[in-house]
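Input: a single structure, listed below in structure tokens.
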Amino acid sequence: MLTRALSLLLLMAAPLAAQQSLFLHQPDPKSLTKVEANALFSHPAPGGFLPVRITVNNAGDQDGNIDIRCVANDGSSGGQGSEVTSSFKLGAPAGKLTRHDILIPCSTLLNFGYGDGSVQVSLAMSGSFGSNSGNLSARYGDTQPAVLLSEALFTPNGSMLDAEIASKSGSRGGANFAAKFDPHEMPDDWRAYSGFDGLALTDSDWTTLSPGARTAILRWNRLGGRLVILAVSTNSDLATLGISDLAAGERSAIRSFGNVSIEPINNKLTLDKDGVEALVDRFTNKDNLPALNTSIRSDFSSAWPLQGLFDPKSYNYGLFIVILIAFGILVGPVNLFVFAKSGRRHRLFITTPLIALGTSVLLIGLIILIDGFGGRGIRVTLMEVRPDDGENAAYVYQEQVSRTGVLLGAGFTVAEPAAITPVPLSSGSQWSRLTDDNNGGGMRYEANLRDGKLEVEGDWFQSRSEQGQFVRAIVPGRGRIELRNADGPPSMISTFDFPIERIYYVDAAGGYWCGENIERGKAFNCREAQQAEVADFVKDASAKLSARTRKALKSLDPLERGSRHFIAVTDKAPGIATFEGIKWTSSTTYITGPVVAP
């Protein structure tokens with residue numbers, strides 16, 4: 001018994017290197033029972049999730065339970081900013097050491113002042129072992145990307161990188177260039193990285209990662225992350241590190257919406273001034289996608305094409321003003337001199353509430369009659385399918401805007417592994433609650449991960465409002481376009497579960513082909529197409545997308561990528577389901593990816 005207890009104690013006392021301690025709780029100093037909470041990244045991202053490991057050593061003889069309550073906000077003290085709450089229930093079997101990895105949803109950073117803003121995450125524990133709490137925060141410049149940096153690079157270079165990013169992003173409050181991590185303790189869920197734009201580590205760090213963590217990072221990379229590997233070894237390339245099957249010596253590649261590069265550092269983990277500038281430039285240069293937080297704040301307001309396709313609607317102020325004027329006349333002089341005239345004033349106790357109640361019922365009835373229940377919206381999706389290398393996954397960017405009437409409830413569950421972000425709309429719309437100039441609008445959201453599904457409540461959808469969301473997801477599936485023959489006009493077959501309206505394909509020789517009205521499992525032949533026809537199709541697709549998604553499409557464009565890739569369109573794809581009360585009157589999906597050769 002003593003040996004087991006000592007072993008548990010040693011495990012609890014193991015060095016935590018780059019992990020950030022939130023709290024270490026020992027309810028009884030005489031007992032080995034401990035509860036420890038450590039963030040796996042030293043700073044939270046301005047959105048996405050914060051991975052936290054809860055380690056419980058229950059040395060008692062009774063099972064315990066722990067309740068974790070989390071609050072993430074943008075540091076606003078005036079109630080104007082936004083806030084996300086979440087909760088977790090954890091078990092602690094008697095006599096055992098257990099570890100629970102949780103993902104805490106972070107609030108999108110919309111509240112900026114003097115060129116920078118702050119993200120704060122707090123965690124409070126209660127339950128069988130008492131209570132404790134901790135918090136974590138970070139500052140980001142206005143246009144700064146959020147970056148993860150391995151401990152080997154962070155420790156000797158962190159302060160110089162902070163100074164460099166502050167000068168580039170215009171921060172006045174001491175922006176943090178990167179959050180530190182330990183490659184031995186990395187999450188194996190891509191959503192843990194979803195709030196970050198970039199990740200840098202050494203080639204030695206890369207081989208240290210667990211297989212699950214490497215897979216998660218490569219999935220995040222395909223979804224738009226910038227992966228930089230600083231190579232100590234001169235032999236490291238994409239093939240030797242297991243990132244790509246490109247030829248030996250290849251050290252950079254576009255991977256779906258993201259990119260990866262391997263840069264030699266000649267055994268110098270401590271970077272000189274030029275090395276610091278070069279590393280910061282790798283995450284801030286214009287070849288990358290814009291910083292996610294910057295895009296969320298700026299892409300979906302007046303310049304968002306999708307909202308422009310939504311028919312405008314104004315409040316009918318005149319009708320309600322007339323009703324309120326009539327109510328004032330009725331409850332005042334008419335009530336006083338007709339219903340409860342002199343000698344019958346006691347009737348005011350009956351007539352006044354009845355008039356008020358009747359007016360309220362009339363107003364509610366008119367609102368329901370004019371706006372109805374639920375809502376309607378439109379959405380557009382960019383999806384890269386990867387049937388190669390055994391991935392069998394689709395990488396999804398979904399943009400959606402909707403307008404609601406009366407809602408009796410607004411909670412929903414996102415069944416697919418996804419990250420969903422509310423986006424600020426133009427302040428010129430009378431229906432918008434979250435706008436480009438209200439710094440988060442005082443919105444209060446609730447998001448909980450339960451069995452891999454995201455359950456949300458709160459202000460994601462509000463009655464009589466216009467709102468938009470940006471959804472990123474990685475959906476498993478075996479949908480693909482297969483090439484049956486490469487001689488002459490190509491013959492192909494689709495395994496997608498939905499019909500496809502049109503597809504363009506670039507063959508191995510650089511020729512362009514088009515197929516139309518494609519059904520699942522039915523072979524189709526392509527007709528020859530001109531490059532200008534394909535270019536016009538891509539241009540029309542781009543015109544429906546926000547700036548960041550449009551740039552992602554450019555890197556996936558068959559005209560840019562070359563042979564054996566396709567781009568297609570359909571309005572029958574199911575999309576990532578969110579609030580069931582919204583009827584999607586238009587849902588367009590653009591699909592890209594490699595064609596599977598025979």
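Following the order of the structure tokens, first chain is A, next is B, and so on, with residues numbered from 1 inside each chain and ligands from 1 in the order they appear.
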Practice task
Among the residues of segment 82-265 of chain A, find those DSSP assigns to alpha helix (DSSP H) from the backbone and print them as a PyMOL selection string.
Solution key: chain A and resi 151-169+203-208+211-222
Problem - Residue contacts of Thr421 of chain A (10 Å, only C-alpha atoms) excluding same-chain residues fewer than 3 positions away, as a PyMOL selection string - result: chain A and resi 47-48+107-108+296+399+418+424+460+468-472
Exercise for the section: Please provide the set of residues having any atom within 9 Å of segment 282-294 of chain A, restricted to only C-alpha atoms, with same-chain residues fewer than 5 positions apart removed, written as a VMD selection string. Expected result: chain A and resid 46 to 47 108 to 110 142 to 147 168 195 to 199 224 to 226 228 257 to 259 277 299 547 to 549 551 to 552
Handout entry: Atom-to-atom span, atom CA of Asp274 of chain A and atom CA of Gln19 of chain A, Å
Key = 28.8 Å
Completion exercise
Here atom CA of Ile474 of chain A and atom CA of Ser261 of chain A stand apart by 22.3 Å
Exercise for the section: Give me the residues within 7 Å of Phe579 of chain A as a list in words, counting only C-alpha atoms and dropping any in the same chain fewer than 3 places off. Expected result: Ala410, Gly411, Phe412 and Ile582 of chain A
Exercise for the section: Please indicate the distance in Å from atom CA of Glu516 of chain A to atom CA of Pro476 of chain A, rounded to one decimal place. Expected result: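 Rounded to one decimal, the two atoms are 25.5 Å apart.
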Tell me, which residues of segment 263-467 of chain A carry DSSP strand (DSSP E or B), written as a PDB file with C-alpha atoms, in the first residue's frame?
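This is the output file out12.pdb:
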```
ATOM      1  CA  GLU A 263      13.658  25.657 -41.928  1.00  0.00           C
ATOM      2  CA  PRO A 264      17.277  24.772 -41.003  1.00  0.00           C
ATOM      3  CA  PHE A 373     -41.501  31.497 -35.206  1.00  0.00           C
ATOM      4  CA  GLY A 375     -36.032  31.853 -38.673  1.00  0.00           C
ATOM      5  CA  ARG A 376     -34.478  31.514 -42.069  1.00  0.00           C
ATOM      6  CA  GLY A 377     -30.978  31.864 -43.393  1.00  0.00           C
ATOM      7  CA  ILE A 378     -28.438  31.185 -46.107  1.00  0.00           C
ATOM      8  CA  ARG A 379     -25.054  29.525 -45.910  1.00  0.00           C
ATOM      9  CA  VAL A 380     -22.068  28.807 -48.126  1.00  0.00           C
ATOM     10  CA  THR A 381     -19.424  26.148 -47.532  1.00  0.00           C
ATOM     11  CA  LEU A 382     -15.912  25.491 -48.801  1.00  0.00           C
ATOM     12  CA  MET A 383     -14.886  21.863 -48.349  1.00  0.00           C
ATOM     13  CA  GLU A 384     -11.600  20.143 -49.170  1.00  0.00           C
ATOM     14  CA  VAL A 385     -11.910  16.354 -49.319  1.00  0.00           C
ATOM     15  CA  ARG A 386      -8.855  14.189 -48.717  1.00  0.00           C
ATOM     16  CA  ALA A 393     -11.833  13.307 -44.146  1.00  0.00           C
ATOM     17  CA  ALA A 394     -13.393  16.575 -45.289  1.00  0.00           C
ATOM     18  CA  TYR A 395     -12.016  19.926 -44.083  1.00  0.00           C
ATOM     19  CA  VAL A 396     -14.862  22.418 -43.857  1.00  0.00           C
ATOM     20  CA  TYR A 397     -15.278  26.195 -43.701  1.00  0.00           C
ATOM     21  CA  GLN A 398     -18.971  27.067 -43.364  1.00  0.00           C
ATOM     22  CA  GLU A 399     -20.277  30.657 -43.323  1.00  0.00           C
ATOM     23  CA  GLN A 400     -23.905  31.296 -42.405  1.00  0.00           C
ATOM     24  CA  VAL A 401     -26.197  34.233 -41.738  1.00  0.00           C
ATOM     25  CA  SER A 402     -29.790  34.079 -40.510  1.00  0.00           C
ATOM     26  CA  ARG A 403     -32.680  36.220 -39.280  1.00  0.00           C
ATOM     27  CA  THR A 404     -35.024  35.004 -36.584  1.00  0.00           C
ATOM     28  CA  VAL A 406     -39.828  34.541 -32.156  1.00  0.00           C
ATOM     29  CA  PHE A 412     -28.495  23.277 -30.171  1.00  0.00           C
ATOM     30  CA  THR A 413     -25.873  20.551 -30.469  1.00  0.00           C
ATOM     31  CA  VAL A 414     -23.108  20.367 -33.066  1.00  0.00           C
ATOM     32  CA  ALA A 418     -16.290  21.477 -34.986  1.00  0.00           C
ATOM     33  CA  ALA A 419     -15.410  24.953 -33.733  1.00  0.00           C
ATOM     34  CA  ILE A 420     -18.208  27.521 -34.126  1.00  0.00           C
ATOM     35  CA  THR A 421     -17.673  31.256 -33.742  1.00  0.00           C
ATOM     36  CA  PRO A 422     -20.273  34.065 -33.686  1.00  0.00           C
ATOM     37  CA  VAL A 423     -19.214  36.873 -36.020  1.00  0.00           C
ATOM     38  CA  LEU A 425     -22.201  41.981 -38.467  1.00  0.00           C
ATOM     39  CA  SER A 432     -27.865  42.925 -35.622  1.00  0.00           C
ATOM     40  CA  THR A 435     -21.867  44.311 -34.527  1.00  0.00           C
ATOM     41  CA  ARG A 444     -23.303  35.639 -23.020  1.00  0.00           C
ATOM     42  CA  TYR A 445     -22.715  32.188 -24.462  1.00  0.00           C
ATOM     43  CA  GLU A 446     -22.631  28.718 -22.985  1.00  0.00           C
ATOM     44  CA  ALA A 447     -20.734  25.886 -24.661  1.00  0.00           C
ATOM     45  CA  ASN A 448     -20.124  22.404 -23.266  1.00  0.00           C
ATOM     46  CA  LEU A 449     -18.296  19.448 -24.781  1.00  0.00           C
ATOM     47  CA  ARG A 450     -20.195  16.258 -23.988  1.00  0.00           C
ATOM     48  CA  LYS A 453     -20.361  16.887 -29.177  1.00  0.00           C
ATOM     49  CA  LEU A 454     -20.622  20.634 -28.613  1.00  0.00           C
ATOM     50  CA  GLU A 455     -23.797  21.620 -26.736  1.00  0.00           C
ATOM     51  CA  VAL A 456     -24.507  25.350 -26.771  1.00  0.00           C
ATOM     52  CA  GLU A 457     -26.999  27.736 -25.157  1.00  0.00           C
ATOM     53  CA  GLY A 458     -27.328  31.461 -24.691  1.00  0.00           C
ATOM     54  CA  GLU A 466     -29.810  38.837 -37.397  1.00  0.00           C
ATOM     55  CA  GLN A 467     -26.711  36.798 -36.627  1.00  0.00           C
TER      56      GLN A 467
END
```
Problem - Phe23 of chain A surroundings by only C-alpha atoms, 8 Å radius, close-in-sequence under 2 positions cut, as a list in words - result: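 Here the answer would be Ser21, His25, Glu36, Ala37, Asn38, Asn132, Ser133 and Gly134 of chain A.
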Handout entry: Close residues, Cys526 of chain A itself excluded, 7 Å, only C-alpha atoms, min 5 positions apart in chain, as JSON, numbers by chain
Key = {"A": [489, 490, 491, 513, 514, 515]}
Practice task
Considering only C-alpha atoms, state which residue in the set A:Gly343, A:Leu279, A:Arg69, A:Gly95 is at the smallest distance from Ile165 of chain A.
Solution key: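 Ranked by minimum distance to Ile165 of chain A, first place goes to A:Leu279.
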Handout entry: Residue with smallest distance to Gly405 of chain A - pool A:Gln307, A:Val232, A:His43, A:Gly581, counting only C-alpha atoms
Key =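 Residue with the minimum atom-to-atom distance to Gly405 of chain A: A:Gly581.
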Practice task
Would you mind telling me which residue in A:Gly242, A:Gly442, A:Pro93, A:Gly593 lies nearest to Asn57 of chain A when using only C-alpha atoms?
Solution key: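 Using only C-alpha atoms, the shortest distance to Asn57 of chain A belongs to A:Pro93.
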